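Note sheet for the following structure.
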Amino acid sequence: MARPWNEFAFTVAMPHLAPGGKLSEVEFLKVLNAFQWEAIARVLGRPSQGLANAQGERLYSSFIDVELHLGEYHSFDRFGEGARVSVRNRVELYAQRFAEGLFVLSDEEVPDDLLETIKTRDELRSLTLPWVSMTNAFIAPLGENNRLKVFKPAGIEGIDLPELAEPPAGIESQRRVQATGRIEPLGEWPGAVDLRPRRRERIRYQILPESDLNGAGLVYFARFVAMMNYGERIFLSEHLERPLSSQLNACLSTDHRRLYFFANANPTESVEIDVSARLLPPGSGSAGDAARPYRTPFRLEFRTDLYRGGDKVLMASTLVRKSLNVPGHEKGVLAEASRLLASLA
């Protein structure tokens with residue numbers, strides 16, 4: 001029997017915003033993680049700060065995968081300052097060590113009858129509303145960030161918990177990506193054009209303890225996305241034969257992301273970012289909406305991988321589709337997008 005759906009909500013405020021006044025994907029993921037952790041605590045019947053293993057070591061929720069799809073909302077531009085976001089969430093446990101969270105979101109109330117049709121992660125894909133799925137493991141660091149071990153919370157055997165009979169889909173897909181390097185495509189795009197760099201090299205990022213680490217001293221999962229965004233910006237602005245402007249880059253907004261985590265890093269580490277990108281033909285992805293206050297000349301799809309600088313261990317991989325959502329008054333960005341399309345025609 002599936003557990004009931006939790007009800008959460010938040011109002012988009014200035015700390016949640018990215019430049020241009022749209023909801024920041026990084027800050028949005030932080031909010032969702034807080035809801036996920038609260039839902040896990042409800043299932044286990046104890047506060048999150050009270051979770052520990054049999055040895056009394058504090059347990060944290062480590063991420064295995066995240067998939068995010070904005071559906072008919074197209075992008076985070078829909079959620080501006082003052083928007084109220086309704087979040088429905090359900091958590092299921094597996095093997096007493098893992099948790100799978102499903103989320104359905106809207107800027108209106110999410111109807112209960114819609115949720116009755118959603119039993120699995122795959123059924124989220126039928127929704128036109130935004131949805132997110134994520135898989136977590138209960139972990140404790142073993143002395144340093146690159147040595148993490150999965151534990152079950154102490155006392156969990158005494159709790160009557162319905163559990164998933166099969167491993168969450170995120171565990172299986174994460175293993176497959178780690179073994180093969182291949183991420184399931186976000187769609188088929190005939191006519192997509194690779195953006196070829198002047199030089200093929202990784203981009204270096206130095207971990208910043210003040211912003212990249214969480215309360216456990218681990219590199220926080222949402223900051224992996226921030227590093228990937230950084231690498232994609234440097235790739236577009238410095239590595240292409242025809243560099244793209246920072247103004248154009250600021251208009252990119254995530255539509256759909258698949259993200260897999262494999263390892264963490266110590267605070268003094270650097271991260272190497274490997275980026276490839278292709279331009280999707282105009283009109284690809286979700287259909288246009290005449291009510292939107294921007295134009296979408298094209299979309300980009302990025303494959304981005306993070307490696308620890310010291311030992312080159314793969315930390316995370318993502319495949320993400322981003323729309324170039326340009327406000328009508330940004331004539332320079334629209335002209336730049338037209339020039340890029342003409343040069344690739």
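Labels for the structure tokens follow display order: chains A, B, ..., residues from 1 in each chain, ligands from 1.
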* **Spatial neighbours of A:Tyr260, max dist 7 Å, only C-alpha atoms, sep filter under 3 positions, as a PyMOL selection string** => chain A and resi 64-66+174+316-318
Next, write the just-selected residues to a file, as a compact mmCIF listing (two decimals), in the first residue's frame, keeping C-alpha atoms as the atom set.
```
# COMPACT_ATOMS: atom_id res chain seq x y z
CA ILE A 64 21.65 8.77 -5.61
CA ASP A 65 19.66 10.44 -8.39
CA VAL A 66 17.30 13.31 -9.19
CA GLN A 174 22.36 5.15 -11.32
CA ALA A 316 28.22 13.03 -10.86
CA SER A 317 26.72 13.03 -14.36
CA THR A 318 23.77 14.91 -15.80
```
Quick one: which stretch 11-115 of chain A residues come within 8 Å of stretch 134-138 of chain A, and what is the nearest atom pair for each with the distance in Å to one decimal, counting only C-alpha atoms, rows ordered by chain and ascending number, as a tab-separated table?
```
residue	atom	partner	partner_atom	distance
A:Leu59	CA	A:Phe138	CA	5.9
A:Tyr60	CA	A:Phe138	CA	5.5
A:Ser61	CA	A:Phe138	CA	4.9
A:Ser62	CA	A:Ala137	CA	5.2
A:Phe63	CA	A:Asn136	CA	4.6
A:Ile64	CA	A:Thr135	CA	5.4
A:Asp65	CA	A:Thr135	CA	5.5
A:Val66	CA	A:Met134	CA	4.4
A:Glu67	CA	A:Met134	CA	6.5
A:Arg97	CA	A:Phe138	CA	5.6
A:Phe98	CA	A:Ala137	CA	4.4
A:Ala99	CA	A:Asn136	CA	5.1
A:Glu100	CA	A:Thr135	CA	4.5
A:Gly101	CA	A:Met134	CA	5.3
A:Leu102	CA	A:Met134	CA	6.7
```
* Asked: Nearest to A:Phe10: which of A:Gln49, A:Arg42, A:Asp122, A:Glu108 is it, counting only C-alpha atoms?
  -> A:Glu108
* **Shell around A:Arg321 at 8 Å using only C-alpha atoms, local window under 3 positions removed, as a list in words** =>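 The residues that qualify are Leu186, Thr254, Asp255, His256, Arg257, Arg299, Leu300, Glu301 and Phe302 of chain A.
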Find the residues near A:Ala265: any atom within 9 Å, counting only C-alpha atoms, skip ones fewer than 4 places away on the same chain, and give them as a PDB file with C-alpha atoms, in the first residue's frame.
```pdb
ATOM      1  CA  GLU A 144      36.459  11.902   5.226  1.00  0.00           C
ATOM      2  CA  ASN A 145      34.080  12.916   2.460  1.00  0.00           C
ATOM      3  CA  ASN A 146      35.325  10.457  -0.137  1.00  0.00           C
ATOM      4  CA  ARG A 147      34.490   7.517   2.188  1.00  0.00           C
ATOM      5  CA  ILE A 207      35.331  23.781  -3.931  1.00  0.00           C
ATOM      6  CA  LEU A 218      29.795  17.200   2.644  1.00  0.00           C
ATOM      7  CA  VAL A 219      29.524  18.821  -0.771  1.00  0.00           C
ATOM      8  CA  GLU A 269      39.500  19.374  -3.487  1.00  0.00           C
ATOM      9  CA  SER A 270      39.055  20.876  -6.895  1.00  0.00           C
ATOM     10  CA  VAL A 271      36.479  19.525  -9.346  1.00  0.00           C
ATOM     11  CA  ARG A 308      37.422  14.862  -8.392  1.00  0.00           C
ATOM     12  CA  MET A 315      31.415  12.372  -8.877  1.00  0.00           C
TER      13      MET A 315
END
```
* Please provide the set of residues having any atom within 12 Å of stretch 151-163 of chain A, restricted to only C-alpha atoms, with same-chain residues fewer than 5 positions apart removed, written as a PyMOL selection string. => chain A and resi 1-4+40-46+48-62+91-100+136-142+168
* **Distance criterion (only C-alpha atoms): nearest to A:Asp194 out of A:Ser24, A:Ser276, A:Ser253, A:Ser75** =>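 Between A:Ser24, A:Ser276, A:Ser253, A:Ser75, the residue approaching A:Asp194 most closely is A:Ser276.
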* **For atom CA of A:Gly231 and atom CA of A:Arg204, the interatomic separation in Å (one decimal)** =>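 Separating atom CA of A:Gly231 from atom CA of A:Arg204 is a distance of 8.1 Å.
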